[in-house]
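Student: This is run_21.tsv (TSV, C-alpha atoms).
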```
chain	number	residue	atom	x	y	z
A	1	MET	CA	-27.22	22.36	97.70
A	2	THR	CA	-29.16	22.91	94.49
A	3	THR	CA	-26.76	21.18	92.08
A	4	THR	CA	-27.02	17.48	92.89
A	5	VAL	CA	-25.70	14.21	91.58
A	6	GLN	CA	-29.13	13.59	90.10
A	7	ASP	CA	-28.91	16.84	88.12
A	8	LEU	CA	-25.66	15.60	86.59
A	9	LYS	CA	-27.08	12.18	85.82
A	10	ASP	CA	-30.15	13.73	84.18
A	11	PHE	CA	-28.01	16.00	82.02
A	12	LEU	CA	-25.72	13.18	80.95
A	13	ALA	CA	-28.72	11.03	80.06
A	14	SER	CA	-30.69	13.62	78.09
A	15	ALA	CA	-28.23	16.01	76.47
A	16	GLY	CA	-27.06	13.90	73.51
A	17	PRO	CA	-23.43	14.32	72.38
A	18	LEU	CA	-21.37	16.13	75.00
A	19	ALA	CA	-17.97	17.72	75.44
A	20	LEU	CA	-16.14	18.00	78.75
A	21	VAL	CA	-14.65	21.51	79.05
A	22	GLU	CA	-12.07	21.57	81.82
A	23	VAL	CA	-9.70	24.14	83.29
A	24	SER	CA	-6.45	22.22	82.89
A	25	GLY	CA	-4.01	24.98	83.84
A	26	THR	CA	-3.99	28.44	85.40
A	27	LYS	CA	-1.54	31.30	85.86
A	28	GLY	CA	-2.18	34.42	87.91
A	29	SER	CA	-5.71	35.62	88.67
A	30	THR	CA	-8.41	33.43	87.10
A	31	PRO	CA	-12.18	33.09	87.59
A	32	ARG	CA	-12.04	29.36	88.41
A	33	GLU	CA	-9.46	26.94	89.76
A	34	ARG	CA	-7.66	24.13	87.96
A	35	GLY	CA	-10.02	21.17	87.72
A	36	ALA	CA	-13.21	23.23	87.35
A	37	PHE	CA	-15.31	21.94	84.47
A	38	MET	CA	-18.54	22.19	82.55
A	39	LEU	CA	-20.41	19.97	80.12
A	40	VAL	CA	-21.45	21.34	76.73
A	41	SER	CA	-24.01	19.90	74.32
A	42	PRO	CA	-25.09	21.42	70.99
A	43	VAL	CA	-27.95	23.24	72.76
A	44	ALA	CA	-27.26	23.26	76.52
A	45	ILE	CA	-24.57	23.54	79.21
A	46	HIS	CA	-24.12	22.15	82.71
A	47	GLY	CA	-21.76	23.87	85.15
A	48	THR	CA	-19.35	26.74	84.55
A	49	ILE	CA	-15.65	27.49	84.14
A	50	GLY	CA	-16.08	31.11	85.19
A	51	GLY	CA	-18.32	32.85	82.67
A	52	GLY	CA	-17.43	35.81	80.48
A	53	GLN	CA	-15.63	35.65	77.15
A	54	LEU	CA	-13.46	32.80	78.39
A	55	GLU	CA	-16.49	30.59	78.77
A	56	TYR	CA	-18.12	31.77	75.53
A	57	MET	CA	-14.97	30.91	73.60
A	58	ALA	CA	-14.74	27.47	75.21
A	59	ILE	CA	-18.42	26.70	74.52
A	60	ASP	CA	-18.04	27.78	70.89
A	61	LYS	CA	-14.94	25.60	70.43
A	62	ALA	CA	-16.64	22.64	72.13
A	63	ARG	CA	-19.65	22.89	69.84
A	64	GLN	CA	-17.42	23.15	66.79
A	65	MET	CA	-15.68	19.98	67.96
A	66	LEU	CA	-18.99	18.19	68.58
A	67	GLY	CA	-20.06	19.02	65.04
A	68	ASN	CA	-16.92	17.42	63.63
A	69	LEU	CA	-16.86	14.25	65.73
A	70	PRO	CA	-16.84	10.84	64.07
A	71	ALA	CA	-19.80	8.60	64.82
A	72	ALA	CA	-17.88	6.72	67.53
A	73	PRO	CA	-15.05	8.61	69.31
A	74	PRO	CA	-11.99	6.43	69.96
A	75	PRO	CA	-11.72	5.03	73.49
A	76	LEU	CA	-9.37	6.65	75.98
A	77	THR	CA	-6.40	4.56	77.08
A	78	PRO	CA	-5.50	4.01	79.88
A	79	PRO	CA	-8.65	4.48	82.02
A	80	HIS	CA	-9.05	7.85	83.63
A	81	LYS	CA	-7.79	8.69	87.02
A	82	GLY	CA	-9.53	11.53	88.83
A	83	VAL	CA	-11.72	10.10	91.56
A	84	GLY	CA	-8.64	9.40	93.67
A	85	ASP	CA	-7.61	13.02	93.29
A	86	LEU	CA	-10.61	13.98	95.43
A	87	ALA	CA	-8.37	13.38	98.42
A	88	ARG	CA	-7.03	16.82	97.56
A	89	GLY	CA	-10.32	18.19	98.90
A	90	SER	CA	-11.53	19.60	95.59
A	91	PHE	CA	-13.81	18.34	92.84
A	92	PRO	CA	-11.69	17.72	89.75
A	93	SER	CA	-12.98	16.23	86.54
A	94	PRO	CA	-11.77	12.79	85.44
A	95	LEU	CA	-8.98	14.49	83.47
A	96	TRP	CA	-7.76	16.56	86.41
A	97	GLY	CA	-4.33	17.84	85.54
A	98	GLY	CA	-5.20	18.80	82.00
A	99	VAL	CA	-4.74	17.53	78.51
A	100	ARG	CA	-1.86	18.85	76.48
A	101	GLY	CA	-2.75	18.80	72.80
A	102	GLY	CA	-0.60	18.47	69.72
A	103	GLY	CA	1.85	15.93	68.37
A	104	ASN	CA	0.82	12.29	68.21
A	105	GLY	CA	-1.14	12.34	71.44
A	106	ALA	CA	-1.69	14.16	74.67
A	107	ASP	CA	0.13	13.87	77.96
A	108	THR	CA	-1.90	13.81	81.18
A	109	ASP	CA	0.51	13.60	84.10
A	110	GLY	CA	2.55	10.99	82.27
A	111	MET	CA	-0.34	9.13	80.61
A	112	ARG	CA	-0.63	9.04	76.83
A	113	LEU	CA	-4.10	9.57	75.41
A	114	ASP	CA	-4.67	8.91	71.71
A	115	VAL	CA	-7.17	11.72	71.26
A	116	ARG	CA	-5.44	13.96	68.74
A	117	GLU	CA	-8.39	13.99	66.32
A	118	VAL	CA	-11.09	14.69	68.86
A	119	CYS	CA	-9.46	16.80	71.58
A	120	ALA	CA	-8.83	20.52	71.56
A	121	THR	CA	-7.06	22.92	73.90
A	122	LEU	CA	-7.35	26.66	74.35
A	123	ASP	CA	-4.67	28.83	75.96
A	124	ILE	CA	-6.44	32.10	76.78
A	125	PRO	CA	-4.94	35.28	78.26
A	126	LEU	CA	-7.53	37.04	80.42
A	127	GLY	CA	-6.77	40.54	79.23
A	128	PRO	CA	-8.25	43.30	77.09
A	129	GLU	CA	-7.93	41.10	73.98
A	130	ILE	CA	-11.07	39.21	75.05
A	131	GLY	CA	-12.68	41.91	77.17
A	132	GLN	CA	-11.65	40.48	80.56
A	133	CYS	CA	-9.35	42.06	83.10
A	134	CYS	CA	-8.47	39.19	85.46
A	135	GLY	CA	-4.88	39.43	84.29
A	136	GLY	CA	-4.17	35.71	84.44
A	137	ARG	CA	-4.09	32.94	81.88
A	138	VAL	CA	-6.26	29.84	81.56
A	139	GLU	CA	-5.68	26.64	79.66
A	140	VAL	CA	-8.85	24.76	78.78
A	141	ALA	CA	-9.03	21.13	77.63
A	142	ILE	CA	-12.04	20.01	75.59
A	143	THR	CA	-12.78	16.30	75.30
A	144	PRO	CA	-15.79	14.39	73.97
A	145	VAL	CA	-17.65	12.56	76.72
A	146	ASP	CA	-17.76	8.79	76.39
A	147	GLY	CA	-19.22	6.25	78.79
A	148	ARG	CA	-16.11	6.09	80.92
A	149	ILE	CA	-15.84	9.85	81.36
A	150	ALA	CA	-19.54	10.02	82.23
A	151	ALA	CA	-19.13	7.30	84.85
A	152	ASP	CA	-16.09	9.03	86.34
A	153	LEU	CA	-17.96	12.32	86.56
A	154	VAL	CA	-20.86	10.70	88.42
A	155	ALA	CA	-18.51	8.83	90.78
A	156	ALA	CA	-16.60	12.02	91.54
A	157	ALA	CA	-19.84	13.94	92.15
A	158	GLU	CA	-21.09	11.24	94.53
A	159	LEU	CA	-17.84	11.32	96.49
A	160	GLN	CA	-17.92	15.11	96.62
A	161	GLU	CA	-21.48	15.01	97.94
A	162	GLU	CA	-20.43	12.60	100.68
A	163	ARG	CA	-17.68	15.02	101.73
A	164	LEU	CA	-19.78	18.15	101.86
A	165	PRO	CA	-19.47	20.01	105.19
A	166	HIS	CA	-22.47	19.66	107.48
A	167	LEU	CA	-24.25	22.81	108.58
A	168	TYR	CA	-26.82	22.34	111.34
A	169	ILE	CA	-29.56	24.93	111.82
A	170	PHE	CA	-31.36	24.54	115.14
A	171	GLY	CA	-34.73	26.22	114.84
A	172	GLY	CA	-37.05	26.54	111.87
A	173	GLY	CA	-38.61	29.92	112.65
A	174	HIS	CA	-38.36	33.02	110.45
A	175	VAL	CA	-34.57	33.31	110.64
A	176	GLY	CA	-34.11	29.55	110.49
A	177	LYS	CA	-36.11	29.31	107.27
A	178	ALA	CA	-34.24	32.25	105.73
A	179	LEU	CA	-30.92	30.69	106.73
A	180	ALA	CA	-31.94	27.32	105.30
A	181	ALA	CA	-32.90	28.99	102.01
A	182	ALA	CA	-29.51	30.72	101.81
A	183	VAL	CA	-27.49	27.62	102.66
A	184	ALA	CA	-29.47	25.45	100.21
A	185	LEU	CA	-27.71	27.30	97.39
A	186	LEU	CA	-24.22	26.42	98.65
A	187	PRO	CA	-21.91	23.39	98.59
A	188	ALA	CA	-22.88	22.26	102.07
A	189	ARG	CA	-25.26	19.73	103.57
A	190	ALA	CA	-27.89	21.71	105.46
A	191	ILE	CA	-29.81	20.05	108.28
A	192	VAL	CA	-32.63	21.86	110.09
A	193	VAL	CA	-33.31	20.42	113.55
A	194	GLU	CA	-36.63	21.22	115.24
A	195	THR	CA	-38.79	20.11	118.15
A	196	ARG	CA	-41.97	21.44	116.44
A	197	ALA	CA	-43.29	19.59	113.39
A	198	ASP	CA	-45.14	22.57	111.91
A	199	GLU	CA	-41.93	24.63	111.72
A	200	LEU	CA	-40.36	22.06	109.39
A	201	GLU	CA	-42.99	22.72	106.76
A	202	ASP	CA	-42.12	24.85	103.71
A	203	MET	CA	-38.41	24.28	104.00
A	204	PRO	CA	-36.50	24.74	100.71
A	205	ASP	CA	-35.59	21.78	98.54
A	206	GLY	CA	-32.25	20.22	99.30
A	207	VAL	CA	-32.47	20.80	103.06
A	208	GLU	CA	-32.68	17.83	105.40
A	209	LYS	CA	-35.32	18.08	108.14
A	210	ARG	CA	-35.05	16.41	111.53
A	211	LEU	CA	-37.85	16.38	114.08
A	212	THR	CA	-36.63	15.43	117.56
A	213	PRO	CA	-37.45	16.13	121.22
A	214	VAL	CA	-33.71	16.08	122.00
A	215	PRO	CA	-32.03	18.43	119.47
A	216	GLU	CA	-28.70	18.42	121.31
A	217	GLN	CA	-28.33	14.77	120.30
A	218	ALA	CA	-27.78	15.98	116.73
A	219	VAL	CA	-24.71	17.85	117.97
A	220	ARG	CA	-23.24	14.69	119.46
A	221	GLU	CA	-23.81	12.73	116.24
A	222	ALA	CA	-22.50	15.39	113.85
A	223	PRO	CA	-19.28	14.66	111.94
A	224	ALA	CA	-16.06	16.52	112.67
A	225	GLY	CA	-15.82	19.94	111.07
A	226	SER	CA	-19.53	20.69	111.27
A	227	ALA	CA	-21.03	24.15	111.75
A	228	PHE	CA	-23.81	24.78	114.28
A	229	ALA	CA	-26.18	27.76	114.10
A	230	VAL	CA	-28.52	27.89	117.08
A	231	LEU	CA	-31.69	29.98	116.85
A	232	THR	CA	-34.58	28.15	118.46
A	233	HIS	CA	-37.72	29.62	120.01
A	234	ASP	CA	-36.46	28.95	123.55
A	235	HIS	CA	-33.39	30.55	125.17
A	236	ALA	CA	-32.95	27.65	127.59
A	237	LEU	CA	-32.94	25.22	124.66
A	238	ASP	CA	-30.44	27.43	122.83
A	239	PHE	CA	-28.16	27.26	125.86
A	240	LEU	CA	-28.28	23.45	126.04
A	241	ILE	CA	-27.47	23.06	122.34
A	242	VAL	CA	-24.69	25.65	122.35
A	243	ALA	CA	-23.10	24.13	125.45
A	244	GLU	CA	-23.04	20.73	123.74
A	245	ALA	CA	-21.49	22.23	120.60
A	246	LEU	CA	-18.81	24.22	122.45
A	247	LYS	CA	-17.58	21.10	124.17
A	248	ARG	CA	-16.71	19.59	120.79
A	249	GLU	CA	-13.12	20.47	119.92
A	250	ASP	CA	-13.67	19.68	116.24
A	251	ALA	CA	-16.53	22.07	115.42
A	252	ALA	CA	-15.83	24.55	112.63
A	253	TYR	CA	-18.37	27.09	113.89
A	254	VAL	CA	-20.73	27.55	116.82
A	255	GLY	CA	-23.10	30.50	116.58
A	256	MET	CA	-26.11	31.65	118.61
A	257	ILE	CA	-28.67	34.28	117.72
A	258	GLY	CA	-29.30	36.94	120.32
A	259	SER	CA	-28.15	40.09	122.05
A	260	LYS	CA	-25.14	41.01	124.18
A	261	THR	CA	-27.31	40.43	127.24
A	262	LYS	CA	-28.24	36.94	126.09
A	263	LYS	CA	-24.59	36.14	125.44
A	264	ALA	CA	-23.58	37.40	128.90
A	265	THR	CA	-26.36	35.36	130.52
A	266	PHE	CA	-25.24	32.27	128.64
A	267	ARG	CA	-21.62	32.82	129.69
A	268	SER	CA	-22.55	32.96	133.36
A	269	TRP	CA	-24.65	29.79	133.10
A	270	PHE	CA	-22.08	27.99	130.96
A	271	LEU	CA	-19.19	28.63	133.34
A	272	LYS	CA	-21.02	28.21	136.65
A	273	THR	CA	-23.57	25.50	135.90
A	274	ALA	CA	-22.69	23.68	132.66
A	275	GLY	CA	-19.06	23.05	133.51
A	276	GLY	CA	-17.75	25.05	130.58
A	277	THR	CA	-14.42	26.87	130.34
A	278	GLU	CA	-13.43	30.33	129.15
A	279	ALA	CA	-11.51	28.75	126.27
A	280	GLU	CA	-14.64	26.91	125.12
A	281	PHE	CA	-16.81	30.02	125.52
A	282	ALA	CA	-14.36	32.02	123.40
A	283	GLN	CA	-15.31	29.84	120.42
A	284	LEU	CA	-18.92	31.10	120.48
A	285	VAL	CA	-20.05	33.52	117.79
A	286	SER	CA	-22.96	35.61	119.03
A	287	PRO	CA	-24.89	37.27	117.63
A	288	ILE	CA	-24.66	35.25	114.43
A	289	GLY	CA	-23.85	37.44	111.46
A	290	GLY	CA	-22.11	40.00	113.65
A	291	ASP	CA	-23.43	43.37	114.77
A	292	ALA	CA	-21.90	45.71	112.17
A	293	VAL	CA	-25.13	45.80	110.14
A	294	LYS	CA	-28.06	47.04	112.23
A	295	ASP	CA	-30.75	45.23	110.29
A	296	LYS	CA	-32.76	42.51	111.99
A	297	ARG	CA	-34.80	41.32	109.02
A	298	PRO	CA	-34.50	37.50	108.80
A	299	GLN	CA	-33.15	37.55	105.24
A	300	VAL	CA	-30.42	40.04	106.15
A	301	ILE	CA	-29.38	38.09	109.25
A	302	ALA	CA	-29.35	34.92	107.14
A	303	ALA	CA	-27.14	36.45	104.44
A	304	LEU	CA	-24.60	37.72	106.99
A	305	ALA	CA	-24.62	34.50	108.99
A	306	THR	CA	-24.22	32.35	105.87
A	307	ALA	CA	-21.11	34.26	104.81
A	308	GLU	CA	-19.75	33.95	108.35
A	309	MET	CA	-20.32	30.20	108.49
A	310	MET	CA	-18.92	29.47	105.02
A	311	THR	CA	-15.79	31.44	105.94
A	312	ALA	CA	-15.43	29.41	109.14
A	313	LEU	CA	-15.88	26.14	107.25
A	314	ALA	CA	-13.24	27.12	104.70
A	315	LEU	CA	-10.74	28.12	107.40
A	316	HIS	CA	-11.39	24.88	109.27
A	317	GLU	CA	-10.68	22.90	106.09
A	318	VAL	CA	-7.40	24.76	105.57
A	319	ARG	CA	-6.35	24.12	109.18
A	320	ALA	CA	-7.26	20.44	108.92
A	321	ALA	CA	-5.24	20.08	105.71
A	322	SER	CA	-2.25	21.80	107.34
A	323	GLU	CA	-2.42	19.43	110.29
A	324	VAL	CA	-2.41	16.44	107.94
A	325	VAL	CA	0.70	17.82	106.19
A	326	GLU	CA	2.46	18.48	109.49
A	327	ALA	CA	1.61	15.00	110.76
A	328	GLY	CA	3.16	13.49	107.66
A	329	ARG	CA	6.51	15.24	108.11
```
Could you render the structure from this file as structure tokens?

Tutor:
Amino acid sequence: MTTTVQDLKDFLASAGPLALVEVSGTKGSTPRERGAFMLVSPVAIHGTIGGGQLEYMAIDKARQMLGNLPAAPPPLTPPHKGVGDLARGSFPSPLWGGVRGGGNGADTDGMRLDVREVCATLDIPLGPEIGQCCGGRVEVAITPVDGRIAADLVAAAELQEERLPHLYIFGGGHVGKALAAAVALLPARAIVVETRADELEDMPDGVEKRLTPVPEQAVREAPAGSAFAVLTHDHALDFLIVAEALKREDAAYVGMIGSKTKKATFRSWFLKTAGGTEAEFAQLVSPIGGDAVKDKRPQVIAALATAEMMTALALHEVRAASEVVEAGR
């Protein structure tokens, strides 16, 4: 993905005084979820809490606060939580849960923070009053960034990066390159697997490249919940990779480029020769991206397939979370 831990580190190191702007509470329809955050300096921003007037108001308030800060903001006590909250499967800021302003301090899930002089909160209805029509309500907490908050943000970003879903693209041809470019923009770890060295050239930044004579080995080594998009230059190679992927019960998505004829040919081979079952074959998505849009340009196929795979990854995450809850009952 394009936003990396290094991007965050660079911004923290070069931006000067910073404010953490965090969605600490939501009601109804809102542009971002609780825990979404951005960093604001006097001249730059990193991240987003949803854009529009909501974000403009939060940036303006943050910059007002930065202009009124004392030379050394008071330390936060006790130390932040936050990184542990990543078990929820999201990417909260170190103050996940929100800061409630006012009085002689702020309450963050039972913790008292003596930040009354340097913290601000906004409670914003997303209606016609501010030119937005989401209909919900957002509470935003604004806190100056000290060394501990910066360290927590980096630690949380590193943990989030480790937990990104893996999306394997087998084949670096025209569609493979277009698919890699699309996935590079998303919160996923993209790996392009190829048997031909020249096809791994000119891949977009942020995409891992693997050159191997045995691409199906990458399927065996992939972590649970991975997505596999198979679009090599060789139908026989496609079949071997897809067969390996379908035999994994923990794959989030298995897709193969091709026609109805190719899919039917694969089915016959898979059931009669590869030892596959109808239940396993039913998990195959082919052609990738569906057939509702009759446009075979690589960029179009890539856009449709990317949406399909990200949907599958999200559904797999929901199912996995539900199974964890059920197991704990």

Student: So which one's closest to Leu18 (chain A), A:Leu231, A:Leu39, A:Ala264, A:Ile142? Using all atoms listed in the file, please.

Tutor: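 Looking at the shortest contact to Leu18 (chain A), the residue is A:Leu39.
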
Student: For Gly289 (chain A), find every residue with an atom within 10 Å (counting only C-alpha atoms), except residues of its own chain fewer than 4 positions away, and show them as a list in words.

Tutor: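 Once the adjacent positions are removed, what remains is Gly255, Met256, Ile257, Val285, Val293, Val300, Ile301, Ala302, Ala303, Leu304, Ala305, Thr306, Ala307, Glu308 and Met309 of chain A.
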
Student: Between A:Met57, A:Ala327, A:Ala190, A:Val207, which residue has the minimum interatomic distance to Pro125 (chain A), considering all atoms listed in the file?

Tutor: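 Selected residue with least distance to Pro125 (chain A): A:Met57.
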
Student: For Ile49 (chain A), work out the shell of residues within 6 Å, counting only C-alpha atoms and skipping chain neighbours fewer than 2 positions away, then give it as a PyMOL selection string.

Tutor: chain A and resi 32+36-37

Student: Keeping only C-alpha atoms, take the residues you just selected and write them out as a CSV table (one decimal), in the frame of the given file.

Tutor:
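To be explicit, this is the file written out as selection_39.csv:
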```csv
chain,number,residue,atom,x,y,z
A,32,ARG,CA,-12.0,29.4,88.4
A,36,ALA,CA,-13.2,23.2,87.4
A,37,PHE,CA,-15.3,21.9,84.5
```

Student: Write out as a ChimeraX atom specification each polymer residue whose atoms come within 9 Å of Leu211 (chain A), counting all atoms listed in the file; drop sequence neighbours fewer than 3 positions from it.

Tutor: /A:192-197,200,214-215

Student: For the residues in the current selection, export C-alpha atoms as a PDB file, in the coordinates of the input.

Tutor:
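So selection_17.pdb came out as:
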```pdb
ATOM      1  CA  VAL A 192     -32.630  21.860 110.090  1.00  0.00           C
ATOM      2  CA  VAL A 193     -33.310  20.420 113.550  1.00  0.00           C
ATOM      3  CA  GLU A 194     -36.630  21.220 115.240  1.00  0.00           C
ATOM      4  CA  THR A 195     -38.790  20.110 118.150  1.00  0.00           C
ATOM      5  CA  ARG A 196     -41.970  21.440 116.440  1.00  0.00           C
ATOM      6  CA  ALA A 197     -43.290  19.590 113.390  1.00  0.00           C
ATOM      7  CA  LEU A 200     -40.360  22.060 109.390  1.00  0.00           C
ATOM      8  CA  VAL A 214     -33.710  16.080 122.000  1.00  0.00           C
ATOM      9  CA  PRO A 215     -32.030  18.430 119.470  1.00  0.00           C
TER      10      PRO A 215
END
```

Student: So that I can check the surroundings of Leu315 (chain A), please list as a PDB file with C-alpha atoms, keeping the file's coordinate frame every protein, DNA and RNA residue that reaches within 12 Å of it, counting all atoms listed in the file and ignoring chain neighbours fewer than 6 positions away.

Tutor:
```pdb
ATOM      1  CA  GLY A 225     -15.820  19.940 111.070  1.00  0.00           C
ATOM      2  CA  ALA A 227     -21.030  24.150 111.750  1.00  0.00           C
ATOM      3  CA  ALA A 251     -16.530  22.070 115.420  1.00  0.00           C
ATOM      4  CA  ALA A 252     -15.830  24.550 112.630  1.00  0.00           C
ATOM      5  CA  TYR A 253     -18.370  27.090 113.890  1.00  0.00           C
ATOM      6  CA  GLU A 308     -19.750  33.950 108.350  1.00  0.00           C
ATOM      7  CA  MET A 309     -20.320  30.200 108.490  1.00  0.00           C
ATOM      8  CA  ALA A 321      -5.240  20.080 105.710  1.00  0.00           C
ATOM      9  CA  SER A 322      -2.250  21.800 107.340  1.00  0.00           C
TER      10      SER A 322
END
```

Student: Would you work out the distance separating CA of Arg34 (chain A) from CA of Ala15 (chain A), expressed in Å to one decimal?

Tutor: 24.9 Å

Student: Using all atoms listed in the file, which of A:His233, A:Arg248, A:Lys61, A:Arg319 sits nearest Val219 (chain A)?

Tutor: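 Looking only at the distances to Val219 (chain A), the closest residue turns out to be A:Arg248.
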
Student: What is the distance, in Å and to one decimal place, between CA of Ser14 (chain A) and CA of Glu139 (chain A)?

Tutor: 28.2 Å

Student: State, in Å with one decimal place, the distance from CA of Pro287 (chain A) to CA of Ala178 (chain A).

Tutor: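 We find that CA of Pro287 (chain A) and CA of Ala178 (chain A) lie 15.9 Å from each other.
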
Student: Using all atoms listed in the file, which of A:Ile288, A:Val145, A:Met203, A:Ala188 sits nearest His174 (chain A)?

Tutor: A:Met203

Student: Counting only C-alpha atoms, what is within 9 Å of Thr4 (chain A), bar same-chain residues fewer than 4 positions away, as a list in words?

Tutor: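 The residues satisfying every condition are Leu8, Lys9, Ala157, Glu158, Glu161 and Gly206 of chain A.
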
Student: From the set A:Ala243, A:Ile169, A:Ala58, A:Met310, which residue has the shortest atom-to-atom contact distance to Val138 (chain A), counting only C-alpha atoms?

Tutor: A:Ala58

Student: Produce the centre coordinates and the three edge lengths, each in Å to one decimal, of the box along x, y and z that contains all listed atoms of region 192-197 of chain A with 5 Å added on each side, as lines of an AutoDock Vina configuration file.

Tutor:
```
center_x = -38.0
center_y = 20.7
center_z = 114.1
size_x = 20.7
size_y = 12.3
size_z = 18.1
```

Student: My list of candidates is A:Ala141, A:Ala44, A:Ala150, A:Leu126. Which is closest to Gly25 (chain A) when distances are computed with all atoms listed in the file?

Tutor: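 Looking only at the distances to Gly25 (chain A), the closest residue turns out to be A:Ala141.
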